[in-house]
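Source file: upload35.pdb. Holds: PDB, N, CA and C atoms.
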ATOM      1  N   MET D   1     -96.211 -24.662 -13.362
ATOM      2  CA  MET D   1     -96.431 -25.083 -14.737
ATOM      3  C   MET D   1     -96.261 -23.878 -15.651
ATOM      4  N   THR D   2     -95.540 -24.052 -16.742
ATOM      5  CA  THR D   2     -95.346 -22.970 -17.699
ATOM      6  C   THR D   2     -96.194 -23.205 -18.938
ATOM      7  N   ASP D   3     -96.486 -22.128 -19.628
ATOM      8  CA  ASP D   3     -97.288 -22.207 -20.844
ATOM      9  C   ASP D   3     -96.488 -21.622 -22.009
ATOM     10  N   THR D   4     -95.269 -22.137 -22.206
ATOM     11  CA  THR D   4     -94.464 -21.694 -23.336
ATOM     12  C   THR D   4     -95.046 -22.305 -24.592
ATOM     13  N   ALA D   5     -95.242 -21.472 -25.587
ATOM     14  CA  ALA D   5     -95.865 -21.933 -26.816
ATOM     15  C   ALA D   5     -95.322 -21.158 -27.996
ATOM     16  N   THR D   6     -95.513 -21.720 -29.163
ATOM     17  CA  THR D   6     -95.221 -21.033 -30.414
ATOM     18  C   THR D   6     -96.540 -20.819 -31.115
ATOM     19  N   ARG D   7     -96.787 -19.567 -31.494
ATOM     20  CA  ARG D   7     -98.019 -19.245 -32.210
ATOM     21  C   ARG D   7     -97.653 -18.578 -33.523
ATOM     22  N   ILE D   8     -98.453 -18.857 -34.528
ATOM     23  CA  ILE D   8     -98.215 -18.340 -35.872
ATOM     24  C   ILE D   8     -99.333 -17.361 -36.226
ATOM     25  N   TYR D   9     -98.952 -16.207 -36.758
ATOM     26  CA  TYR D   9     -99.895 -15.177 -37.171
ATOM     27  C   TYR D   9     -99.571 -14.761 -38.606
ATOM     28  N   THR D  10    -100.496 -14.062 -39.229
ATOM     29  CA  THR D  10    -100.265 -13.467 -40.539
ATOM     30  C   THR D  10    -100.417 -11.965 -40.406
ATOM     31  N   VAL D  11     -99.406 -11.243 -40.880
ATOM     32  CA  VAL D  11     -99.394  -9.789 -40.801
ATOM     33  C   VAL D  11     -99.577  -9.228 -42.210
ATOM     34  N   GLU D  12    -100.467  -8.269 -42.346
ATOM     35  CA  GLU D  12    -100.702  -7.619 -43.631
ATOM     36  C   GLU D  12    -100.021  -6.264 -43.678
ATOM     37  N   GLY D  13     -99.509  -5.908 -44.850
ATOM     38  CA  GLY D  13     -98.987  -4.572 -45.076
ATOM     39  C   GLY D  13     -97.478  -4.446 -45.069
ATOM     40  N   MET D  14     -96.758  -5.508 -44.749
ATOM     41  CA  MET D  14     -95.295  -5.428 -44.741
ATOM     42  C   MET D  14     -94.782  -5.531 -46.184
ATOM     43  N   THR D  15     -93.869  -4.619 -46.559
ATOM     44  CA  THR D  15     -93.363  -4.617 -47.932
ATOM     45  C   THR D  15     -91.841  -4.592 -48.037
ATOM     46  N   CYS D  16     -91.134  -4.398 -46.915
ATOM     47  CA  CYS D  16     -89.677  -4.266 -46.994
ATOM     48  C   CYS D  16     -89.030  -4.755 -45.690
ATOM     49  N   ASP D  17     -87.710  -4.764 -45.690
ATOM     50  CA  ASP D  17     -86.989  -5.217 -44.495
ATOM     51  C   ASP D  17     -87.235  -4.307 -43.295
ATOM     52  N   HIS D  18     -87.444  -3.028 -43.534
ATOM     53  CA  HIS D  18     -87.763  -2.112 -42.429
ATOM     54  C   HIS D  18     -89.084  -2.518 -41.781
ATOM     55  N   CYS D  19     -90.067  -2.894 -42.594
ATOM     56  CA  CYS D  19     -91.357  -3.363 -42.070
ATOM     57  C   CYS D  19     -91.150  -4.584 -41.179
ATOM     58  N   ARG D  20     -90.372  -5.535 -41.695
ATOM     59  CA  ARG D  20     -90.103  -6.763 -40.956
ATOM     60  C   ARG D  20     -89.428  -6.445 -39.626
ATOM     61  N   ALA D  21     -88.453  -5.556 -39.666
ATOM     62  CA  ALA D  21     -87.725  -5.192 -38.454
ATOM     63  C   ALA D  21     -88.635  -4.481 -37.448
ATOM     64  N   SER D  22     -89.521  -3.625 -37.927
ATOM     65  CA  SER D  22     -90.441  -2.905 -37.039
ATOM     66  C   SER D  22     -91.369  -3.858 -36.313
ATOM     67  N   VAL D  23     -91.937  -4.801 -37.037
ATOM     68  CA  VAL D  23     -92.833  -5.782 -36.426
ATOM     69  C   VAL D  23     -92.061  -6.642 -35.432
ATOM     70  N   SER D  24     -90.889  -7.099 -35.827
ATOM     71  CA  SER D  24     -90.074  -7.938 -34.956
ATOM     72  C   SER D  24     -89.721  -7.206 -33.660
ATOM     73  N   GLU D  25     -89.346  -5.948 -33.767
ATOM     74  CA  GLU D  25     -88.973  -5.166 -32.588
ATOM     75  C   GLU D  25     -90.153  -4.950 -31.652
ATOM     76  N   GLU D  26     -91.291  -4.531 -32.194
ATOM     77  CA  GLU D  26     -92.465  -4.257 -31.354
ATOM     78  C   GLU D  26     -92.965  -5.528 -30.664
ATOM     79  N   VAL D  27     -93.077  -6.614 -31.411
ATOM     80  CA  VAL D  27     -93.565  -7.869 -30.828
ATOM     81  C   VAL D  27     -92.555  -8.406 -29.823
ATOM     82  N   GLY D  28     -91.264  -8.221 -30.090
ATOM     83  CA  GLY D  28     -90.228  -8.683 -29.181
ATOM     84  C   GLY D  28     -90.267  -8.005 -27.825
ATOM     85  N   GLU D  29     -90.893  -6.831 -27.752
ATOM     86  CA  GLU D  29     -90.998  -6.099 -26.490
ATOM     87  C   GLU D  29     -92.195  -6.511 -25.640
ATOM     88  N   VAL D  30     -93.065  -7.361 -26.175
ATOM     89  CA  VAL D  30     -94.231  -7.830 -25.418
ATOM     90  C   VAL D  30     -93.755  -8.727 -24.277
ATOM     91  N   ALA D  31     -94.313  -8.521 -23.092
ATOM     92  CA  ALA D  31     -93.951  -9.325 -21.925
ATOM     93  C   ALA D  31     -94.147 -10.808 -22.206
ATOM     94  N   GLY D  32     -93.141 -11.595 -21.903
ATOM     95  CA  GLY D  32     -93.214 -13.040 -22.067
ATOM     96  C   GLY D  32     -92.676 -13.552 -23.384
ATOM     97  N   VAL D  33     -92.474 -12.677 -24.365
ATOM     98  CA  VAL D  33     -91.979 -13.121 -25.668
ATOM     99  C   VAL D  33     -90.510 -13.500 -25.538
ATOM    100  N   GLU D  34     -90.201 -14.701 -26.022
ATOM    101  CA  GLU D  34     -88.833 -15.213 -25.976
ATOM    102  C   GLU D  34     -88.168 -15.190 -27.343
ATOM    103  N   GLY D  35     -88.963 -15.166 -28.403
ATOM    104  CA  GLY D  35     -88.406 -15.156 -29.751
ATOM    105  C   GLY D  35     -89.443 -14.756 -30.774
ATOM    106  N   VAL D  36     -88.975 -14.084 -31.822
ATOM    107  CA  VAL D  36     -89.852 -13.627 -32.899
ATOM    108  C   VAL D  36     -89.162 -13.898 -34.221
ATOM    109  N   GLU D  37     -89.898 -14.456 -35.165
ATOM    110  CA  GLU D  37     -89.401 -14.620 -36.529
ATOM    111  C   GLU D  37     -90.466 -14.079 -37.472
ATOM    112  N   VAL D  38     -90.026 -13.262 -38.430
ATOM    113  CA  VAL D  38     -90.948 -12.664 -39.384
ATOM    114  C   VAL D  38     -90.479 -13.016 -40.784
ATOM    115  N   ASP D  39     -91.374 -13.583 -41.587
ATOM    116  CA  ASP D  39     -91.086 -13.863 -42.989
ATOM    117  C   ASP D  39     -91.801 -12.812 -43.826
ATOM    118  N   LEU D  40     -91.032 -11.951 -44.452
ATOM    119  CA  LEU D  40     -91.581 -10.839 -45.211
ATOM    120  C   LEU D  40     -92.438 -11.303 -46.388
ATOM    121  N   ALA D  41     -91.966 -12.276 -47.143
ATOM    122  CA  ALA D  41     -92.659 -12.718 -48.350
ATOM    123  C   ALA D  41     -94.072 -13.240 -48.075
ATOM    124  N   SER D  42     -94.215 -14.001 -47.009
ATOM    125  CA  SER D  42     -95.516 -14.610 -46.708
ATOM    126  C   SER D  42     -96.310 -13.829 -45.671
ATOM    127  N   GLY D  43     -95.655 -12.912 -44.955
ATOM    128  CA  GLY D  43     -96.308 -12.192 -43.872
ATOM    129  C   GLY D  43     -96.416 -13.018 -42.605
ATOM    130  N   ARG D  44     -95.710 -14.139 -42.565
ATOM    131  CA  ARG D  44     -95.784 -15.056 -41.429
ATOM    132  C   ARG D  44     -95.023 -14.490 -40.236
ATOM    133  N   LEU D  45     -95.690 -14.487 -39.094
ATOM    134  CA  LEU D  45     -95.107 -14.031 -37.840
ATOM    135  C   LEU D  45     -95.157 -15.190 -36.855
ATOM    136  N   GLU D  46     -93.997 -15.629 -36.404
ATOM    137  CA  GLU D  46     -93.913 -16.708 -35.422
ATOM    138  C   GLU D  46     -93.474 -16.108 -34.098
ATOM    139  N   VAL D  47     -94.268 -16.345 -33.058
ATOM    140  CA  VAL D  47     -93.985 -15.794 -31.735
ATOM    141  C   VAL D  47     -93.850 -16.943 -30.749
ATOM    142  N   ARG D  48     -92.695 -16.993 -30.076
ATOM    143  CA  ARG D  48     -92.458 -17.997 -29.043
ATOM    144  C   ARG D  48     -92.386 -17.285 -27.707
ATOM    145  N   GLY D  49     -93.071 -17.863 -26.726
ATOM    146  CA  GLY D  49     -92.993 -17.225 -25.425
ATOM    147  C   GLY D  49     -93.839 -17.873 -24.363
ATOM    148  N   LEU D  50     -93.814 -17.226 -23.228
ATOM    149  CA  LEU D  50     -94.491 -17.706 -22.036
ATOM    150  C   LEU D  50     -95.731 -16.862 -21.779
ATOM    151  N   ASN D  51     -96.903 -17.481 -21.902
ATOM    152  CA  ASN D  51     -98.177 -16.807 -21.631
ATOM    153  C   ASN D  51     -98.363 -15.519 -22.438
ATOM    154  N   VAL D  52     -98.077 -15.576 -23.730
ATOM    155  CA  VAL D  52     -98.228 -14.419 -24.608
ATOM    156  C   VAL D  52     -99.587 -14.508 -25.281
ATOM    157  N   GLY D  53    -100.430 -13.507 -25.046
ATOM    158  CA  GLY D  53    -101.773 -13.512 -25.616
ATOM    159  C   GLY D  53    -101.839 -12.889 -26.996
ATOM    160  N   ALA D  54    -102.809 -13.333 -27.763
ATOM    161  CA  ALA D  54    -103.004 -12.808 -29.116
ATOM    162  C   ALA D  54    -103.321 -11.317 -29.094
ATOM    163  N   ASP D  55    -104.017 -10.848 -28.073
ATOM    164  CA  ASP D  55    -104.350  -9.420 -27.989
ATOM    165  C   ASP D  55    -103.093  -8.574 -27.858
ATOM    166  N   GLU D  56    -102.128  -9.055 -27.088
ATOM    167  CA  GLU D  56    -100.873  -8.321 -26.920
ATOM    168  C   GLU D  56    -100.074  -8.300 -28.219
ATOM    169  N   VAL D  57    -100.066  -9.426 -28.918
ATOM    170  CA  VAL D  57     -99.367  -9.498 -30.204
ATOM    171  C   VAL D  57    -100.040  -8.566 -31.204
ATOM    172  N   LYS D  58    -101.359  -8.583 -31.243
ATOM    173  CA  LYS D  58    -102.100  -7.710 -32.160
ATOM    174  C   LYS D  58    -101.779  -6.242 -31.886
ATOM    175  N   ALA D  59    -101.781  -5.859 -30.623
ATOM    176  CA  ALA D  59    -101.497  -4.472 -30.254
ATOM    177  C   ALA D  59    -100.088  -4.081 -30.684
ATOM    178  N   ALA D  60     -99.122  -4.977 -30.524
ATOM    179  CA  ALA D  60     -97.745  -4.683 -30.917
ATOM    180  C   ALA D  60     -97.622  -4.533 -32.430
ATOM    181  N   VAL D  61     -98.292  -5.401 -33.169
ATOM    182  CA  VAL D  61     -98.269  -5.320 -34.636
ATOM    183  C   VAL D  61     -98.891  -4.000 -35.088
ATOM    184  N   GLU D  62     -99.998  -3.618 -34.465
ATOM    185  CA  GLU D  62    -100.646  -2.357 -34.812
ATOM    186  C   GLU D  62     -99.775  -1.160 -34.426
ATOM    187  N   GLU D  63     -99.052  -1.249 -33.316
ATOM    188  CA  GLU D  63     -98.135  -0.189 -32.899
ATOM    189  C   GLU D  63     -97.037  -0.004 -33.953
ATOM    190  N   ALA D  64     -96.639  -1.095 -34.588
ATOM    191  CA  ALA D  64     -95.622  -1.038 -35.645
ATOM    192  C   ALA D  64     -96.195  -0.478 -36.940
ATOM    193  N   GLY D  65     -97.535  -0.377 -37.020
ATOM    194  CA  GLY D  65     -98.168   0.204 -38.204
ATOM    195  C   GLY D  65     -98.750  -0.792 -39.175
ATOM    196  N   TYR D  66     -98.976  -2.024 -38.733
ATOM    197  CA  TYR D  66     -99.472  -3.082 -39.615
ATOM    198  C   TYR D  66    -100.708  -3.729 -39.016
ATOM    199  N   ARG D  67    -101.261  -4.686 -39.731
ATOM    200  CA  ARG D  67    -102.501  -5.325 -39.302
ATOM    201  C   ARG D  67    -102.302  -6.811 -39.157
ATOM    202  N   LEU D  68    -102.797  -7.347 -38.060
ATOM    203  CA  LEU D  68    -102.772  -8.790 -37.840
ATOM    204  C   LEU D  68    -103.979  -9.370 -38.545
ATOM    205  N   ALA D  69    -103.726 -10.193 -39.555
ATOM    206  CA  ALA D  69    -104.807 -10.733 -40.370
ATOM    207  C   ALA D  69    -105.388 -12.017 -39.800
ATOM    208  N   ALA D  70    -104.522 -12.866 -39.280
ATOM    209  CA  ALA D  70    -105.008 -14.172 -38.825
ATOM    210  C   ALA D  70    -104.027 -14.790 -37.850
ATOM    211  N   ALA D  71    -104.537 -15.690 -37.054
ATOM    212  CA  ALA D  71    -103.696 -16.480 -36.144
ATOM    213  C   ALA D  71    -103.971 -17.945 -36.406
ATOM    214  N   ARG D  72    -102.919 -18.772 -36.274
ATOM    215  CA  ARG D  72    -103.085 -20.207 -36.442
ATOM    216  C   ARG D  72    -102.599 -20.911 -35.214
TER
END
Please lay out the structure from this file as structure tokens.
Amino acid sequence: MTDTATRIYTVEGMTCDHCRASVSEEVGEVAGVEGVEVDLASGRLEVRGLNVGADEVKAAVEEAGYRLAAAR
């Protein structure tokens, strides 16, 4: 059984395309992540993957230099 899911997060502190690219790259390197979409204007981070935990996503966002504000 697989646990592929899409989870939505809000990232604080992104102000430019470089910010968006940094978050996308770091989160994309998390084990199990199959896809990442980042909307700069809203701070929306969509993560698709297999058994990807919120703690791993948070750590990746922080590694990129930003803060995970919320998950939905």
Tell me which residues the PyMOL selection byres (((chain D and resi 51 and name CA) around 10) and name CA) grabs here, as a short mmCIF file (atom, residue, chain, number, x, y, z; two decimals) with N, CA and C atoms, keeping the file's coordinate frame.
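File produced: result_12.cif:
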data_model
loop_
_atom_site.label_atom_id
_atom_site.label_comp_id
_atom_site.auth_asym_id
_atom_site.auth_seq_id
_atom_site.Cartn_x
_atom_site.Cartn_y
_atom_site.Cartn_z
N THR D 2 -95.54 -24.05 -16.74
CA THR D 2 -95.35 -22.97 -17.70
C THR D 2 -96.19 -23.20 -18.94
N ASP D 3 -96.49 -22.13 -19.63
CA ASP D 3 -97.29 -22.21 -20.84
C ASP D 3 -96.49 -21.62 -22.01
N THR D 4 -95.27 -22.14 -22.21
CA THR D 4 -94.46 -21.69 -23.34
C THR D 4 -95.05 -22.30 -24.59
N ALA D 5 -95.24 -21.47 -25.59
CA ALA D 5 -95.86 -21.93 -26.82
C ALA D 5 -95.32 -21.16 -28.00
N ALA D 31 -94.31 -8.52 -23.09
CA ALA D 31 -93.95 -9.32 -21.92
C ALA D 31 -94.15 -10.81 -22.21
N GLY D 32 -93.14 -11.60 -21.90
CA GLY D 32 -93.21 -13.04 -22.07
C GLY D 32 -92.68 -13.55 -23.38
N VAL D 33 -92.47 -12.68 -24.36
CA VAL D 33 -91.98 -13.12 -25.67
C VAL D 33 -90.51 -13.50 -25.54
N ARG D 48 -92.70 -16.99 -30.08
CA ARG D 48 -92.46 -18.00 -29.04
C ARG D 48 -92.39 -17.28 -27.71
N GLY D 49 -93.07 -17.86 -26.73
CA GLY D 49 -92.99 -17.23 -25.42
C GLY D 49 -93.84 -17.87 -24.36
N LEU D 50 -93.81 -17.23 -23.23
CA LEU D 50 -94.49 -17.71 -22.04
C LEU D 50 -95.73 -16.86 -21.78
N VAL D 52 -98.08 -15.58 -23.73
CA VAL D 52 -98.23 -14.42 -24.61
C VAL D 52 -99.59 -14.51 -25.28
N GLY D 53 -100.43 -13.51 -25.05
CA GLY D 53 -101.77 -13.51 -25.62
C GLY D 53 -101.84 -12.89 -27.00
N ALA D 54 -102.81 -13.33 -27.76
CA ALA D 54 -103.00 -12.81 -29.12
C ALA D 54 -103.32 -11.32 -29.09
#
Proximity to Cys16 (chain D) - best of D:Val57, D:Leu68, D:Val38, D:Val47, only C-alpha atoms = D:Val38
Name the residues of chain D that fall into strand (DSSP E) according to DSSP on the backbone, using the chain letters and numbers of this document, as a list in words.
-> Thr4, Ala5, Thr6, Arg7, Ile8, Tyr9, Thr10, Val11, Glu12, Val33, Glu34, Gly35, Val36, Glu37, Val38, Asp39, Arg44, Leu45, Glu46, Val47, Arg48, Gly49, Leu50, Arg67, Leu68, Ala69, Ala70 and Ala71 of chain D
As number ranges by chain, list the residues of chain D assigned to alpha helix (DSSP H) by DSSP on the backbone atoms of this structure.
-> D: 17-28, 54-63
Take the residues just selected and output them with N, CA and C atoms as a short mmCIF file (atom, residue, chain, number, x, y, z; two decimals), in the frame of the given file.
data_model
loop_
_atom_site.label_atom_id
_atom_site.label_comp_id
_atom_site.auth_asym_id
_atom_site.auth_seq_id
_atom_site.Cartn_x
_atom_site.Cartn_y
_atom_site.Cartn_z
N ASP D 17 -87.71 -4.76 -45.69
CA ASP D 17 -86.99 -5.22 -44.50
C ASP D 17 -87.24 -4.31 -43.30
N HIS D 18 -87.44 -3.03 -43.53
CA HIS D 18 -87.76 -2.11 -42.43
C HIS D 18 -89.08 -2.52 -41.78
N CYS D 19 -90.07 -2.89 -42.59
CA CYS D 19 -91.36 -3.36 -42.07
C CYS D 19 -91.15 -4.58 -41.18
N ARG D 20 -90.37 -5.54 -41.70
CA ARG D 20 -90.10 -6.76 -40.96
C ARG D 20 -89.43 -6.44 -39.63
N ALA D 21 -88.45 -5.56 -39.67
CA ALA D 21 -87.72 -5.19 -38.45
C ALA D 21 -88.64 -4.48 -37.45
N SER D 22 -89.52 -3.62 -37.93
CA SER D 22 -90.44 -2.90 -37.04
C SER D 22 -91.37 -3.86 -36.31
N VAL D 23 -91.94 -4.80 -37.04
CA VAL D 23 -92.83 -5.78 -36.43
C VAL D 23 -92.06 -6.64 -35.43
N SER D 24 -90.89 -7.10 -35.83
CA SER D 24 -90.07 -7.94 -34.96
C SER D 24 -89.72 -7.21 -33.66
N GLU D 25 -89.35 -5.95 -33.77
CA GLU D 25 -88.97 -5.17 -32.59
C GLU D 25 -90.15 -4.95 -31.65
N GLU D 26 -91.29 -4.53 -32.19
CA GLU D 26 -92.46 -4.26 -31.35
C GLU D 26 -92.96 -5.53 -30.66
N VAL D 27 -93.08 -6.61 -31.41
CA VAL D 27 -93.56 -7.87 -30.83
C VAL D 27 -92.56 -8.41 -29.82
N GLY D 28 -91.26 -8.22 -30.09
CA GLY D 28 -90.23 -8.68 -29.18
C GLY D 28 -90.27 -8.01 -27.82
N ALA D 54 -102.81 -13.33 -27.76
CA ALA D 54 -103.00 -12.81 -29.12
C ALA D 54 -103.32 -11.32 -29.09
N ASP D 55 -104.02 -10.85 -28.07
CA ASP D 55 -104.35 -9.42 -27.99
C ASP D 55 -103.09 -8.57 -27.86
N GLU D 56 -102.13 -9.06 -27.09
CA GLU D 56 -100.87 -8.32 -26.92
C GLU D 56 -100.07 -8.30 -28.22
N VAL D 57 -100.07 -9.43 -28.92
CA VAL D 57 -99.37 -9.50 -30.20
C VAL D 57 -100.04 -8.57 -31.20
N LYS D 58 -101.36 -8.58 -31.24
CA LYS D 58 -102.10 -7.71 -32.16
C LYS D 58 -101.78 -6.24 -31.89
N ALA D 59 -101.78 -5.86 -30.62
CA ALA D 59 -101.50 -4.47 -30.25
C ALA D 59 -100.09 -4.08 -30.68
N ALA D 60 -99.12 -4.98 -30.52
CA ALA D 60 -97.74 -4.68 -30.92
C ALA D 60 -97.62 -4.53 -32.43
N VAL D 61 -98.29 -5.40 -33.17
CA VAL D 61 -98.27 -5.32 -34.64
C VAL D 61 -98.89 -4.00 -35.09
N GLU D 62 -100.00 -3.62 -34.47
CA GLU D 62 -100.65 -2.36 -34.81
C GLU D 62 -99.78 -1.16 -34.43
N GLU D 63 -99.05 -1.25 -33.32
CA GLU D 63 -98.14 -0.19 -32.90
C GLU D 63 -97.04 0.00 -33.95
#
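The residue that comes closest to Thr10 (chain D), out of D:Gly65, D:Glu46, D:Asp55, D:Val27 and on the basis of only C-alpha atoms, is D:Glu46.
Closest to Arg20 (chain D) among D:Leu40, D:Ala60, D:Ile8, D:Gly35 is D:Leu40, based on only N, CA and C atoms.
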Return as lines of an AutoDock Vina configuration file the box centre and box size in Å, one decimal, for an axis-aligned box around all listed atoms of region 16-24 of chain D padded by 5 Å per side.
center_x = -89.9
center_y = -5.0
center_z = -40.3
size_x = 15.8
size_y = 15.8
size_z = 23.3
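Considering only N, CA and C atoms, the residue among D:Thr6, D:Val11, D:Glu29, D:Glu56 positioned nearest to Arg44 (chain D) is D:Val11.
Reported to one decimal place, the separation of CA of Gly28 (chain D) from CA of Ala69 (chain D) is 18.5 Å.
Considering all atoms listed in the file, the residue among D:Lys58, D:Ser24, D:Asp17, D:Tyr9 positioned nearest to Val36 (chain D) is D:Ser24.
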